[in-house]
Amino acid sequence: MICARRVFRCFKCMERFADKLTGAAGPYFMGLAVILLSTGTFSFFCVIQPSLSIPIVTTPVCLLIALNLLTHYYYVCTVPPGFIDESPRTPGMGFLWAKKRNIQNRKPLTGVQWSDESALWMTKASTTKCKKCNKARPERAHHCRVCNQCILKYDHHCPVSTLNGINQCVGLYNERHFVMFMAYLVTATFCFCVLGYSQVFQALGVSYDHVWPYLVPEVIFILIYVLCIVLCLAVTIMLTWHLWGVMKGETSVEGQDHDIYRNVAKQRGDTFENSYDLGKWKNLQLFFNVGPTGYPLYTFIIPLRMNPYTDGRAWARREGYDSHRGLRKGEELTDEEAEEPES
Ligand SMILES: [Zn+2]
Ligand SMILES: [Zn+2]
């Protein structure tokens, strides 16, 4: 046991060091991401885009993809994820904000309700006390060790979305932008790979056409092309995994916790049921906040700001559920439990 404890402590030390490193390296990651995104976009419009046929159609489509890619990245970095002590945010009035289809500027859903208007079973979130910030936090909020704050609907800490040295988590208010950014990154890198292969041969000097009349140096173009292949594959896996979680009504943290709950329930012949899971389609609608109670579908192609369906103090659940089923009192995992092993 003593040995296990020592190994655990050593592991925790390494983890804290990695957190510190992530925090310190954040601005560099961010700088690198901005340089790569802008170089990639410039290379595309300088080398590939002029060779595309039907420019009247392809040019606006390419511009729209680039606009979504860069804007959603900007939002992931600049929209705070949502902190437990901030008051619920109301949607802005400016042109950068999407307008709701039915009732304009309706407040986010909160409290217990089951009405035709929302057609959602909303229940107030239960609260627990965070031992690190000493504050009451609603369910689905978790403490981020890098930011040292509790984040509403905490998903993960993202070192690539750091601005001015301020670390940024992905949580309630920016998770939609994060997923949209990944989706547009996959689209953009895929287009780059499919449409730019002949220019790569040209840059490598293996085609008949040896001239390279573009502003972007050959070597930069080849490096960006290789990076696009790698990113396209890697981000497709990340995006699929993330969307799969969304369809199950789980964040990244909850995905891990729920697997444990399922096993615990199974051992005693019970079944764990995630009360946030309203079915794949409804889960997606709520996550992207579109559909009858949310925003119009054009928000998928025009990168506008919008708030989530809830303020993080109440959650839509399966009808009649107040909490998860198949989970007994005291079995819930807390952030603090990961700190010390059971002796
Ligand atoms: Zn906390
Ligand atoms: Zn964080």
# chains A, B, ... in the order shown; residues from 1 in each chain; ligands from 1
call {"tool": "residues_around", "arguments": {"residues": "His143 in chain A", "least_positions_apart": "4", "cutoff": "12 Å", "atoms": "only C-alpha atoms", "output": "PyMOL selection string"}}
result
chain A and resi 82-84+128-139+147-157+169+171+253+334-336+338
call {"tool": "select_by_dssp", "arguments": {"residues": "range 206-333 of chain A", "states": "strand (DSSP E or B)", "output": "list in words"}}
result
Glu273, Val290, Tyr295, Arg305, Thr310, Ala314, Trp315, Ala316, Arg317 and Arg325 of chain A
call {"tool": "residues_around", "arguments": {"residues": "Pro217 in chain A", "least_positions_apart": "5", "cutoff": "9 Å", "atoms": "only C-alpha atoms", "output": "list of chain:residue names"}}
result
A:Ala203, A:Trp212, A:Ile222
call {"tool": "atom_distance", "arguments": {"atom1": "CA of Leu69 in chain A", "atom2": "CA of Thr189 in chain A"}}
result
10.5 Å
call {"tool": "atom_distance", "arguments": {"atom1": "CA of Met180 in chain A", "atom2": "CA of Gln199 in chain A"}}
result
28.6 Å
call {"tool": "closest_residue", "arguments": {"among": "A:Leu327, A:Gly205, A:Asp270, A:Val186", "to": "Asn68 in chain A", "atoms": "only C-alpha atoms"}}
result
A:Val186
call {"tool": "closest_residue", "arguments": {"among": "A:Leu52, A:Pro88, A:Cys144, A:Tyr28", "to": "ligand 1", "atoms": "only C-alpha atoms and all ligand atoms"}}
result
A:Cys144
call {"tool": "decode", "arguments": {"residues": "range 288-330 of chain A", "atoms": "N, CA and C atoms", "output": "PDB file, in the first residue's frame"}}
result
ATOM      1  N   PHE A 288     -25.984  22.008 -30.284  1.00  0.00           N
ATOM      2  CA  PHE A 288     -25.780  23.098 -31.250  1.00  0.00           C
ATOM      3  C   PHE A 288     -26.833  24.195 -31.087  1.00  0.00           C
ATOM      4  N   ASN A 289     -27.785  23.957 -30.208  1.00  0.00           N
ATOM      5  CA  ASN A 289     -28.881  24.891 -29.927  1.00  0.00           C
ATOM      6  C   ASN A 289     -29.613  25.331 -31.202  1.00  0.00           C
ATOM      7  N   VAL A 290     -29.977  24.371 -32.013  1.00  0.00           N
ATOM      8  CA  VAL A 290     -30.781  24.639 -33.208  1.00  0.00           C
ATOM      9  C   VAL A 290     -32.100  23.879 -33.072  1.00  0.00           C
ATOM     10  N   GLY A 291     -32.981  24.045 -34.045  1.00  0.00           N
ATOM     11  CA  GLY A 291     -34.253  23.323 -34.010  1.00  0.00           C
ATOM     12  C   GLY A 291     -35.375  24.188 -33.488  1.00  0.00           C
ATOM     13  N   PRO A 292     -36.508  23.586 -33.130  1.00  0.00           N
ATOM     14  CA  PRO A 292     -37.713  24.350 -32.782  1.00  0.00           C
ATOM     15  C   PRO A 292     -37.516  25.364 -31.663  1.00  0.00           C
ATOM     16  N   THR A 293     -36.713  25.025 -30.645  1.00  0.00           N
ATOM     17  CA  THR A 293     -36.552  25.950 -29.527  1.00  0.00           C
ATOM     18  C   THR A 293     -35.271  26.774 -29.625  1.00  0.00           C
ATOM     19  N   GLY A 294     -34.463  26.473 -30.639  1.00  0.00           N
ATOM     20  CA  GLY A 294     -33.165  27.136 -30.705  1.00  0.00           C
ATOM     21  C   GLY A 294     -33.044  28.104 -31.871  1.00  0.00           C
ATOM     22  N   TYR A 295     -31.866  28.121 -32.456  1.00  0.00           N
ATOM     23  CA  TYR A 295     -31.543  29.055 -33.542  1.00  0.00           C
ATOM     24  C   TYR A 295     -31.751  28.392 -34.905  1.00  0.00           C
ATOM     25  N   PRO A 296     -31.865  29.195 -35.965  1.00  0.00           N
ATOM     26  CA  PRO A 296     -32.046  28.612 -37.306  1.00  0.00           C
ATOM     27  C   PRO A 296     -30.810  27.827 -37.773  1.00  0.00           C
ATOM     28  N   LEU A 297     -31.014  26.977 -38.778  1.00  0.00           N
ATOM     29  CA  LEU A 297     -29.942  26.096 -39.252  1.00  0.00           C
ATOM     30  C   LEU A 297     -28.805  26.844 -39.961  1.00  0.00           C
ATOM     31  N   TYR A 298     -29.077  28.075 -40.440  1.00  0.00           N
ATOM     32  CA  TYR A 298     -27.998  28.792 -41.142  1.00  0.00           C
ATOM     33  C   TYR A 298     -26.820  29.111 -40.223  1.00  0.00           C
ATOM     34  N   THR A 299     -27.015  28.955 -38.900  1.00  0.00           N
ATOM     35  CA  THR A 299     -25.900  29.203 -37.969  1.00  0.00           C
ATOM     36  C   THR A 299     -24.782  28.162 -38.145  1.00  0.00           C
ATOM     37  N   PHE A 300     -25.066  27.089 -38.911  1.00  0.00           N
ATOM     38  CA  PHE A 300     -24.011  26.104 -39.196  1.00  0.00           C
ATOM     39  C   PHE A 300     -23.051  26.605 -40.277  1.00  0.00           C
ATOM     40  N   ILE A 301     -23.535  27.504 -41.132  1.00  0.00           N
ATOM     41  CA  ILE A 301     -22.638  27.980 -42.207  1.00  0.00           C
ATOM     42  C   ILE A 301     -22.250  29.452 -42.055  1.00  0.00           C
ATOM     43  N   ILE A 302     -22.960  30.180 -41.186  1.00  0.00           N
ATOM     44  CA  ILE A 302     -22.543  31.567 -40.924  1.00  0.00           C
ATOM     45  C   ILE A 302     -22.070  31.633 -39.475  1.00  0.00           C
ATOM     46  N   PRO A 303     -20.814  32.000 -39.259  1.00  0.00           N
ATOM     47  CA  PRO A 303     -20.246  31.910 -37.910  1.00  0.00           C
ATOM     48  C   PRO A 303     -20.711  33.024 -36.970  1.00  0.00           C
ATOM     49  N   LEU A 304     -21.931  32.903 -36.462  1.00  0.00           N
ATOM     50  CA  LEU A 304     -22.469  33.924 -35.566  1.00  0.00           C
ATOM     51  C   LEU A 304     -22.354  33.473 -34.112  1.00  0.00           C
ATOM     52  N   ARG A 305     -22.352  34.471 -33.223  1.00  0.00           N
ATOM     53  CA  ARG A 305     -22.325  34.164 -31.791  1.00  0.00           C
ATOM     54  C   ARG A 305     -23.706  33.720 -31.344  1.00  0.00           C
ATOM     55  N   MET A 306     -23.775  32.769 -30.432  1.00  0.00           N
ATOM     56  CA  MET A 306     -25.044  32.395 -29.810  1.00  0.00           C
ATOM     57  C   MET A 306     -24.766  31.729 -28.473  1.00  0.00           C
ATOM     58  N   ASN A 307     -25.769  31.796 -27.585  1.00  0.00           N
ATOM     59  CA  ASN A 307     -25.601  31.208 -26.268  1.00  0.00           C
ATOM     60  C   ASN A 307     -26.135  29.779 -26.261  1.00  0.00           C
ATOM     61  N   PRO A 308     -25.731  28.966 -25.286  1.00  0.00           N
ATOM     62  CA  PRO A 308     -26.286  27.608 -25.185  1.00  0.00           C
ATOM     63  C   PRO A 308     -27.746  27.647 -24.719  1.00  0.00           C
ATOM     64  N   TYR A 309     -28.419  26.503 -24.771  1.00  0.00           N
ATOM     65  CA  TYR A 309     -29.848  26.471 -24.435  1.00  0.00           C
ATOM     66  C   TYR A 309     -30.097  26.690 -22.936  1.00  0.00           C
ATOM     67  N   THR A 310     -29.074  26.491 -22.123  1.00  0.00           N
ATOM     68  CA  THR A 310     -29.227  26.614 -20.670  1.00  0.00           C
ATOM     69  C   THR A 310     -28.177  27.552 -20.097  1.00  0.00           C
ATOM     70  N   ASP A 311     -28.421  28.018 -18.870  1.00  0.00           N
ATOM     71  CA  ASP A 311     -27.414  28.867 -18.222  1.00  0.00           C
ATOM     72  C   ASP A 311     -26.443  28.047 -17.374  1.00  0.00           C
ATOM     73  N   GLY A 312     -26.574  26.724 -17.448  1.00  0.00           N
ATOM     74  CA  GLY A 312     -25.666  25.856 -16.701  1.00  0.00           C
ATOM     75  C   GLY A 312     -26.116  25.565 -15.282  1.00  0.00           C
ATOM     76  N   ARG A 313     -27.257  26.164 -14.885  1.00  0.00           N
ATOM     77  CA  ARG A 313     -27.812  25.917 -13.538  1.00  0.00           C
ATOM     78  C   ARG A 313     -29.021  25.001 -13.604  1.00  0.00           C
ATOM     79  N   ALA A 314     -29.401  24.579 -14.801  1.00  0.00           N
ATOM     80  CA  ALA A 314     -30.517  23.648 -15.003  1.00  0.00           C
ATOM     81  C   ALA A 314     -30.216  22.839 -16.250  1.00  0.00           C
ATOM     82  N   TRP A 315     -30.680  21.605 -16.273  1.00  0.00           N
ATOM     83  CA  TRP A 315     -30.361  20.746 -17.419  1.00  0.00           C
ATOM     84  C   TRP A 315     -31.599  20.034 -17.936  1.00  0.00           C
ATOM     85  N   ALA A 316     -31.643  19.859 -19.251  1.00  0.00           N
ATOM     86  CA  ALA A 316     -32.718  19.076 -19.860  1.00  0.00           C
ATOM     87  C   ALA A 316     -32.424  17.611 -19.567  1.00  0.00           C
ATOM     88  N   ARG A 317     -33.460  16.898 -19.101  1.00  0.00           N
ATOM     89  CA  ARG A 317     -33.274  15.468 -18.821  1.00  0.00           C
ATOM     90  C   ARG A 317     -34.377  14.674 -19.494  1.00  0.00           C
ATOM     91  N   ARG A 318     -34.225  13.364 -19.442  1.00  0.00           N
ATOM     92  CA  ARG A 318     -35.306  12.493 -19.916  1.00  0.00           C
ATOM     93  C   ARG A 318     -36.537  12.785 -19.068  1.00  0.00           C
ATOM     94  N   GLU A 319     -37.674  12.718 -19.691  1.00  0.00           N
ATOM     95  CA  GLU A 319     -38.915  13.060 -19.002  1.00  0.00           C
ATOM     96  C   GLU A 319     -39.082  12.204 -17.739  1.00  0.00           C
ATOM     97  N   GLY A 320     -39.321  12.887 -16.625  1.00  0.00           N
ATOM     98  CA  GLY A 320     -39.565  12.181 -15.368  1.00  0.00           C
ATOM     99  C   GLY A 320     -38.305  11.883 -14.563  1.00  0.00           C
ATOM    100  N   TYR A 321     -37.124  12.190 -15.112  1.00  0.00           N
ATOM    101  CA  TYR A 321     -35.875  11.905 -14.397  1.00  0.00           C
ATOM    102  C   TYR A 321     -35.414  13.149 -13.637  1.00  0.00           C
ATOM    103  N   ASP A 322     -34.993  12.959 -12.386  1.00  0.00           N
ATOM    104  CA  ASP A 322     -34.399  14.063 -11.633  1.00  0.00           C
ATOM    105  C   ASP A 322     -32.883  13.938 -11.584  1.00  0.00           C
ATOM    106  N   SER A 323     -32.427  12.707 -11.755  1.00  0.00           N
ATOM    107  CA  SER A 323     -30.983  12.442 -11.738  1.00  0.00           C
ATOM    108  C   SER A 323     -30.746  11.147 -12.522  1.00  0.00           C
ATOM    109  N   HIS A 324     -29.466  10.757 -12.623  1.00  0.00           N
ATOM    110  CA  HIS A 324     -29.160   9.510 -13.336  1.00  0.00           C
ATOM    111  C   HIS A 324     -29.737   8.325 -12.570  1.00  0.00           C
ATOM    112  N   ARG A 325     -30.111   7.271 -13.281  1.00  0.00           N
ATOM    113  CA  ARG A 325     -30.615   6.072 -12.597  1.00  0.00           C
ATOM    114  C   ARG A 325     -29.539   4.993 -12.580  1.00  0.00           C
ATOM    115  N   GLY A 326     -29.625   4.132 -11.548  1.00  0.00           N
ATOM    116  CA  GLY A 326     -28.648   3.058 -11.432  1.00  0.00           C
ATOM    117  C   GLY A 326     -27.372   3.541 -10.767  1.00  0.00           C
ATOM    118  N   LEU A 327     -27.447   4.736 -10.171  1.00  0.00           N
ATOM    119  CA  LEU A 327     -26.282   5.299  -9.472  1.00  0.00           C
ATOM    120  C   LEU A 327     -26.715   5.603  -8.043  1.00  0.00           C
ATOM    121  N   ARG A 328     -26.078   4.940  -7.077  1.00  0.00           N
ATOM    122  CA  ARG A 328     -26.495   5.133  -5.686  1.00  0.00           C
ATOM    123  C   ARG A 328     -25.752   6.289  -5.037  1.00  0.00           C
ATOM    124  N   LYS A 329     -26.345   6.779  -3.948  1.00  0.00           N
ATOM    125  CA  LYS A 329     -25.734   7.898  -3.223  1.00  0.00           C
ATOM    126  C   LYS A 329     -24.316   7.538  -2.782  1.00  0.00           C
ATOM    127  N   GLY A 330     -23.399   8.430  -2.974  1.00  0.00           N
ATOM    128  CA  GLY A 330     -22.017   8.169  -2.562  1.00  0.00           C
ATOM    129  C   GLY A 330     -21.173   7.530  -3.651  1.00  0.00           C
TER     130      GLY A 330
END
